[in-house]
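What follows is the content of model15.cif (mmCIF, C-alpha atoms (C1' of nucleotides)).
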data_run
loop_
_atom_site.label_atom_id
_atom_site.label_comp_id
_atom_site.auth_asym_id
_atom_site.auth_seq_id
_atom_site.Cartn_x
_atom_site.Cartn_y
_atom_site.Cartn_z
CA MET A 1446 -18.29 30.20 4.32
CA LEU A 1447 -19.78 26.76 4.36
CA GLY A 1448 -22.44 27.74 6.82
CA SER A 1449 -23.37 26.80 10.34
CA ILE A 1450 -23.53 23.48 12.15
CA PRO A 1451 -27.13 22.26 12.18
CA ASP A 1452 -28.92 21.54 15.43
CA ARG A 1453 -28.63 17.95 16.53
CA GLY A 1454 -32.25 17.91 17.53
CA LEU A 1455 -33.24 18.13 13.90
CA LEU A 1456 -31.61 14.75 13.39
CA GLU A 1457 -33.30 13.12 16.36
CA GLN A 1458 -36.27 12.25 14.22
CA PRO A 1459 -37.33 9.34 12.04
CA PRO A 1460 -35.13 8.82 8.97
CA GLN A 1461 -37.88 9.55 6.49
CA GLU A 1462 -38.10 13.05 7.97
CA VAL A 1463 -34.38 13.61 8.38
CA ALA A 1464 -33.63 12.47 4.83
CA PRO A 1465 -35.33 15.33 2.97
CA TYR A 1466 -34.02 17.73 5.59
CA LEU A 1467 -30.46 16.74 4.66
CA LEU A 1468 -30.98 17.60 1.00
CA GLY A 1469 -29.10 20.81 0.24
CA LYS A 1470 -26.89 20.58 3.33
CA VAL A 1471 -23.11 20.47 2.96
CA LEU A 1472 -20.88 17.56 3.90
CA VAL A 1473 -17.36 18.66 4.81
CA ALA A 1474 -14.41 16.28 5.08
CA ALA A 1475 -11.25 18.18 5.94
CA ASN A 1476 -10.81 20.64 3.08
CA LEU A 1477 -13.23 18.84 0.78
CA ALA A 1478 -16.91 19.66 0.62
CA GLY A 1479 -20.02 18.78 -1.33
CA ARG A 1480 -23.71 19.56 -1.27
CA ILE A 1481 -26.04 16.66 -0.54
CA VAL A 1482 -28.34 16.09 -3.52
CA GLU A 1483 -29.54 12.51 -3.01
CA VAL A 1484 -30.24 10.44 0.11
CA GLU A 1485 -32.08 7.33 1.27
CA ALA A 1486 -33.77 6.61 4.59
CA TYR A 1487 -33.33 3.30 6.45
CA LEU A 1488 -35.68 2.66 9.33
CA GLY A 1489 -34.84 1.16 12.70
CA PRO A 1490 -36.22 -2.09 14.14
CA HIS A 1491 -38.48 -0.30 16.62
CA ASN A 1492 -40.92 0.48 13.83
CA PRO A 1493 -44.17 -1.48 13.73
CA THR A 1494 -43.20 -2.50 10.23
CA PRO A 1495 -39.43 -3.12 10.40
CA ASP A 1496 -37.35 -2.16 7.41
CA PRO A 1497 -35.85 -5.41 6.07
CA ALA A 1498 -33.36 -3.49 3.94
CA ALA A 1499 -31.78 -1.71 6.91
CA HIS A 1500 -28.57 -2.91 8.50
CA ALA A 1501 -30.11 -2.30 11.90
CA HIS A 1502 -33.26 -4.26 11.29
CA ARG A 1503 -32.17 -7.30 13.31
CA GLY A 1504 -30.94 -5.23 16.22
CA PRO A 1505 -27.51 -4.03 17.36
CA THR A 1506 -24.32 -5.71 16.17
CA PRO A 1507 -20.69 -4.58 16.36
CA ARG A 1508 -20.93 -3.22 12.83
CA ASN A 1509 -24.07 -1.15 13.22
CA ALA A 1510 -23.54 0.00 16.83
CA VAL A 1511 -23.27 3.64 15.77
CA LEU A 1512 -26.84 3.57 14.52
CA PHE A 1513 -28.14 2.95 18.04
CA GLY A 1514 -26.20 5.83 19.53
CA LEU A 1515 -26.65 9.58 19.53
CA ALA A 1516 -27.99 11.13 16.35
CA GLY A 1517 -25.69 13.01 14.00
CA HIS A 1518 -22.85 10.52 13.84
CA ALA A 1519 -21.33 8.87 10.79
CA TYR A 1520 -22.06 5.22 10.12
CA VAL A 1521 -19.52 4.04 7.56
CA TYR A 1522 -19.54 0.46 6.35
CA SER A 1523 -17.65 -1.45 3.71
CA ILE A 1524 -19.39 -3.18 0.86
CA TYR A 1525 -18.40 -5.57 -1.91
CA GLY A 1526 -14.95 -5.77 -0.44
CA ARG A 1527 -13.80 -2.59 -2.06
CA TYR A 1528 -16.13 0.30 -1.34
CA PHE A 1529 -17.56 2.30 1.54
CA CYS A 1530 -20.93 3.94 2.10
CA MET A 1531 -21.68 6.69 4.59
CA ASN A 1532 -24.82 7.33 6.62
CA VAL A 1533 -25.98 9.96 9.07
CA SER A 1534 -27.40 8.39 12.20
CA CYS A 1535 -30.71 9.72 13.41
CA GLU A 1536 -33.52 8.98 15.88
CA THR A 1537 -33.15 9.43 19.63
CA GLU A 1538 -30.41 7.54 21.46
CA GLY A 1539 -31.23 3.87 21.81
CA ARG A 1540 -33.22 3.82 18.60
CA ALA A 1541 -31.63 3.06 15.26
CA GLY A 1542 -32.27 4.83 12.00
CA CYS A 1543 -30.10 6.44 9.40
CA VAL A 1544 -29.86 8.30 6.14
CA LEU A 1545 -27.54 7.06 3.42
CA ILE A 1546 -25.79 9.83 1.51
CA ARG A 1547 -26.02 8.78 -2.12
CA ALA A 1548 -24.72 11.78 -4.06
CA LEU A 1549 -23.10 15.16 -3.63
CA GLU A 1550 -22.49 18.18 -5.78
CA PRO A 1551 -18.78 18.94 -5.37
CA LEU A 1552 -18.17 22.36 -3.84
CA ALA A 1553 -14.57 22.50 -2.65
CA GLY A 1554 -11.44 20.52 -3.40
CA LEU A 1555 -12.50 19.27 -6.81
CA ASP A 1556 -9.00 18.47 -7.97
CA GLN A 1557 -8.33 16.50 -4.82
CA MET A 1558 -11.60 14.62 -5.28
CA ALA A 1559 -10.63 13.72 -8.83
CA ALA A 1560 -7.24 12.53 -7.65
CA ASN A 1561 -8.88 10.42 -4.92
CA ARG A 1562 -11.05 8.87 -7.60
CA ASN A 1563 -8.16 8.27 -9.97
CA LEU A 1564 -9.69 10.66 -12.46
CA PRO A 1565 -7.95 13.50 -14.30
CA PRO A 1566 -8.34 17.06 -13.02
CA GLY A 1567 -11.34 18.78 -14.51
CA SER A 1568 -13.42 15.63 -14.71
CA PRO A 1569 -17.19 16.15 -14.93
CA LEU A 1570 -18.78 16.78 -11.54
CA HIS A 1571 -21.09 13.81 -11.71
CA GLN A 1572 -18.14 11.46 -12.05
CA LEU A 1573 -16.69 12.68 -8.77
CA THR A 1574 -19.45 12.23 -6.21
CA SER A 1575 -22.49 10.68 -7.89
CA GLY A 1576 -23.02 7.42 -6.02
CA PRO A 1577 -22.69 6.43 -2.36
CA SER A 1578 -19.27 4.82 -2.73
CA ARG A 1579 -17.99 7.33 -5.25
CA LEU A 1580 -18.54 10.17 -2.81
CA CYS A 1581 -16.76 8.30 -0.04
CA GLN A 1582 -13.82 7.71 -2.33
CA ALA A 1583 -13.80 11.36 -3.45
CA LEU A 1584 -13.89 12.67 0.11
CA GLY A 1585 -11.52 10.07 1.51
CA ILE A 1586 -14.14 8.59 3.81
CA ALA A 1587 -13.37 5.10 5.10
CA ARG A 1588 -14.67 2.96 7.92
CA ALA A 1589 -11.40 2.84 9.83
CA THR A 1590 -11.02 6.60 9.91
CA HIS A 1591 -14.55 7.96 9.83
CA ASN A 1592 -17.03 5.51 11.34
CA GLY A 1593 -18.57 6.95 14.48
CA LEU A 1594 -17.39 10.54 13.96
CA ASP A 1595 -19.68 13.27 15.24
CA LEU A 1596 -20.99 15.29 12.31
CA ILE A 1597 -22.37 17.99 14.58
CA SER A 1598 -19.10 19.37 15.87
CA SER A 1599 -16.89 22.16 14.58
CA ASP A 1600 -13.84 20.12 15.63
CA SER A 1601 -14.78 17.05 13.65
CA PRO A 1602 -12.90 15.97 10.54
CA LEU A 1603 -16.30 15.12 9.09
CA GLN A 1604 -19.03 17.70 9.45
CA LEU A 1605 -22.50 18.55 8.34
CA ARG A 1606 -23.19 22.20 7.61
CA ASP A 1607 -26.12 24.37 6.61
CA ASP A 1608 -25.28 27.24 4.29
CA GLY A 1609 -28.87 28.27 3.75
CA PHE A 1610 -29.18 26.69 0.34
CA PRO A 1611 -32.90 26.65 -0.41
CA VAL A 1612 -34.59 23.36 -1.27
CA ARG A 1613 -38.12 24.04 -2.44
CA GLU A 1614 -39.01 20.67 -3.83
CA TYR A 1615 -37.64 17.18 -4.00
CA LEU A 1616 -38.24 13.86 -5.68
CA VAL A 1617 -39.33 10.79 -3.76
CA THR A 1618 -38.66 7.36 -5.25
CA PRO A 1619 -37.95 3.79 -4.17
CA ARG A 1620 -34.48 3.02 -2.89
CA ILE A 1621 -31.73 1.73 -5.15
CA GLY A 1622 -29.82 -1.52 -4.96
CA ILE A 1623 -31.87 -3.32 -2.33
CA LYS A 1624 -33.83 -6.57 -2.56
CA GLU A 1625 -36.31 -6.09 0.24
CA ALA A 1626 -38.97 -3.42 0.58
CA VAL A 1627 -38.18 -2.39 -2.96
CA ASP A 1628 -41.27 -0.22 -3.29
CA TRP A 1629 -40.96 1.86 -0.15
CA PRO A 1630 -40.66 5.53 -1.14
CA LEU A 1631 -37.58 6.36 0.89
CA ARG A 1632 -35.17 7.82 -1.65
CA PHE A 1633 -35.05 11.60 -1.88
CA ALA A 1634 -33.27 13.73 -4.47
CA LEU A 1635 -33.12 17.21 -5.89
CA PRO A 1636 -35.07 17.29 -9.16
CA ASN A 1637 -33.03 17.48 -12.36
CA HIS A 1638 -29.73 17.76 -10.55
CA PRO A 1639 -26.85 16.50 -12.71
CA CYS A 1640 -25.07 14.87 -9.77
CA VAL A 1641 -27.92 12.60 -8.71
CA SER A 1642 -27.15 8.91 -9.28
CA GLY A 1643 -29.30 6.09 -10.48
CA PRO A 1644 -31.80 5.72 -13.30
CA LYS A 1645 -33.12 8.91 -14.82
CA SER A 1646 -36.70 7.86 -14.44
CA PHE A 1647 -38.50 5.54 -12.09
CA SER A 1648 -41.48 5.72 -14.40
CA GLU A 1649 -44.28 4.72 -12.13
CA LYS A 1650 -42.94 5.40 -8.71
CA ILE A 1651 -41.85 9.01 -8.57
CA SER A 1652 -43.49 11.76 -6.62
CA LEU A 1653 -42.49 15.40 -6.62
CA TYR A 1654 -43.00 17.10 -3.28
CA ARG A 1655 -43.02 20.80 -2.66
CA ILE A 1656 -41.79 22.17 0.59
CA GLU A 1657 -43.61 25.00 2.28
CA SER A 1658 -47.28 24.93 2.30
CA ARG A 1659 -47.74 21.45 3.63
CA PRO A 1660 -45.96 18.85 1.57
CA SER A 1661 -48.28 18.43 -1.36
CA ILE A 1662 -48.00 15.91 -4.08
CA ARG A 1663 -47.83 17.62 -7.42
CA ARG A 1664 -47.47 14.48 -9.44
CA THR A 1665 -48.01 11.00 -8.19
CA VAL A 1666 -48.39 7.95 -10.32
CA ASN A 1667 -48.30 5.10 -7.90
CA PRO A 1668 -47.11 6.12 -4.48
CA LYS A 1669 -47.07 3.58 -1.71
CA ARG A 1670 -47.25 4.76 1.80
CA ILE A 1671 -44.28 4.66 4.08
CA PRO A 1672 -45.01 2.14 6.84
CA ARG A 1673 -46.31 3.93 9.85
CA THR A 1674 -43.75 4.65 12.48
"C1'" DA B 65 -15.67 -22.74 11.82
"C1'" DC B 66 -18.07 -22.13 7.53
"C1'" DT B 67 -21.15 -20.15 4.12
"C1'" DC B 68 -23.33 -16.53 1.85
"C1'" DG B 69 -24.30 -12.27 -0.12
"C1'" DG B 70 -24.12 -7.36 -0.29
"C1'" DA B 71 -27.49 0.23 0.55
"C1'" DT B 72 -21.41 -0.74 -5.77
"C1'" DT B 73 -18.61 0.44 -9.56
"C1'" DC B 74 -16.21 -0.32 -13.68
"C1'" DT B 75 -15.37 -2.63 -17.87
"C1'" DC B 76 -16.55 -4.79 -21.31
"C1'" DT B 77 -20.22 -6.41 -25.18
"C1'" DG C 772 -27.03 -4.99 -20.31
"C1'" DA C 773 -24.10 -8.45 -18.20
"C1'" DG C 774 -20.27 -9.96 -15.38
"C1'" DA C 775 -16.24 -9.46 -12.48
"C1'" DA C 776 -13.80 -7.72 -8.59
"C1'" DT C 777 -13.29 -8.76 -3.59
"C1'" DC C 778 -13.81 -9.23 1.66
"C1'" DC C 779 -16.14 -8.37 5.89
"C1'" DG C 780 -19.98 -9.23 8.78
"C1'" DA C 781 -23.95 -11.74 9.90
"C1'" DG C 782 -26.27 -16.01 10.38
"C1'" DT C 783 -26.11 -20.85 11.04
"C1'" DA C 784 -24.01 -24.99 13.32
#

What's the structure tokens form of this structure?
Amino acid sequence: MLGSIPDRGLLEQPPQEVAPYLLGKVLVAANLAGRIVEVEAYLGPHNPTPDPAAHAHRGPTPRNAVLFGLAGHAYVYSIYGRYFCMNVSCETEGRAGCVLIRALEPLAGLDQMAANRNLPPGSPLHQLTSGPSRLCQALGIARATHNGLDLISSDSPLQLRDDGFPVREYLVTPRIGIKEAVDWPLRFALPNHPCVSGPKSFSEKISLYRIESRPSIRRTVNPKRIPRT
DNA sequence: ACTCGGATTCTCT
DNA sequence: GAGAATCCGAGTA
């Protein structure tokens, strides 16, 4: 009902390729599920131009160890003392790289999500899972319980699934909330989706890509190139 | 051992 | 739009 488990090989690629691939996929945590509508790529330190905003950019540490392991595992970290964010590890083993899940469209367990967020039942969808820490709270994802879990396993309490939802185009913008590499176009989102977080417009830094045919830029105001990998 | 700041969110004004 | 809440991990010594 929520689709099949994706192939791990599809995640053993650079984050900027895995990120748009994850758009439209389903994240399942126990009996709760949501469709991924917004992500950000964070590049590993092996790149010629290292990503200064990435947790892995100075090499392996106890915290980021998952990022250097096999692709398709959850990297969950705590932030600001009260929240968690969740990433999907990618790249081949030994190389770091990940995709931050920034927003979901709730699909299953909406009342439970609202309860987890201390919101009343029937709250608007975008209040449940729009934002990287909001979605972790809604799905009950925490570092102690979910960091390092394999997302590509039908036994896992945290899974990635592909239900065939078609994504024909997606927005590309700079990433949110970082202080380094602020212009790199590594945030990806479904256009006009109500559950996407962040500012409504990035004015001068948005591109709209179409999938199929080769990715072609329909509208580009001031795109900067992703550092070569 | 000690300092510093964060891939955020919520609550005000 | 600004400020608080709040603590763990990374970097420096």

Here is a test: counting all atoms listed in the file, which residue of A:Glu1536, A:Asp1607, A:Glu1485, A:Asp1496 is nearest to Lys1470 in chain A?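 Closest to Lys1470 in chain A, using all atoms listed in the file: A:Asp1607.
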
Quick one: which residues from chain B are at most 10 Å off chain A, using all atoms listed in the file, as a ChimeraX atom specification? /B:69-73

Report the closest atom pair, with its distance in Å rounded to one decimal, for each residue of chain C that has an atom no farther than 7 Å from chain A; count all atoms listed in the file, sort by chain and then rising residue number, and write it as a tab-separated table.
residue	atom	partner	partner_atom	distance
C:DT777	C1'	A:Gly1526	CA	4.6
C:DC778	C1'	A:Gly1526	CA	4.2
C:DC779	C1'	A:Gly1526	CA	6.9

What lies within 12 Å of DT75 in chain B using all atoms listed in the file, ignoring chain neighbours under 4 positions off, as a list of chain:residue names?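 Here the qualifying residues turn out to be C:DA773, C:DG774, C:DA775, C:DA776.
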
Decode the PyMOL selection byres ((chain A and resi 1519) around 8) for the given file into explicit residues and return them as a VMD selection string. chain A and resid 1511 1517 to 1518 1520 to 1521 1531 to 1534 1591 to 1596

With 3 Å added on each side, what axis-aligned box encloses every listed atom of range 66-73 of chain B? Give the centre and edge lengths in Å to one decimal, as lines of an AutoDock Vina configuration file.
center_x = -22.8
center_y = -10.8
center_z = -1.0
size_x = 15.4
size_y = 28.6
size_z = 23.1
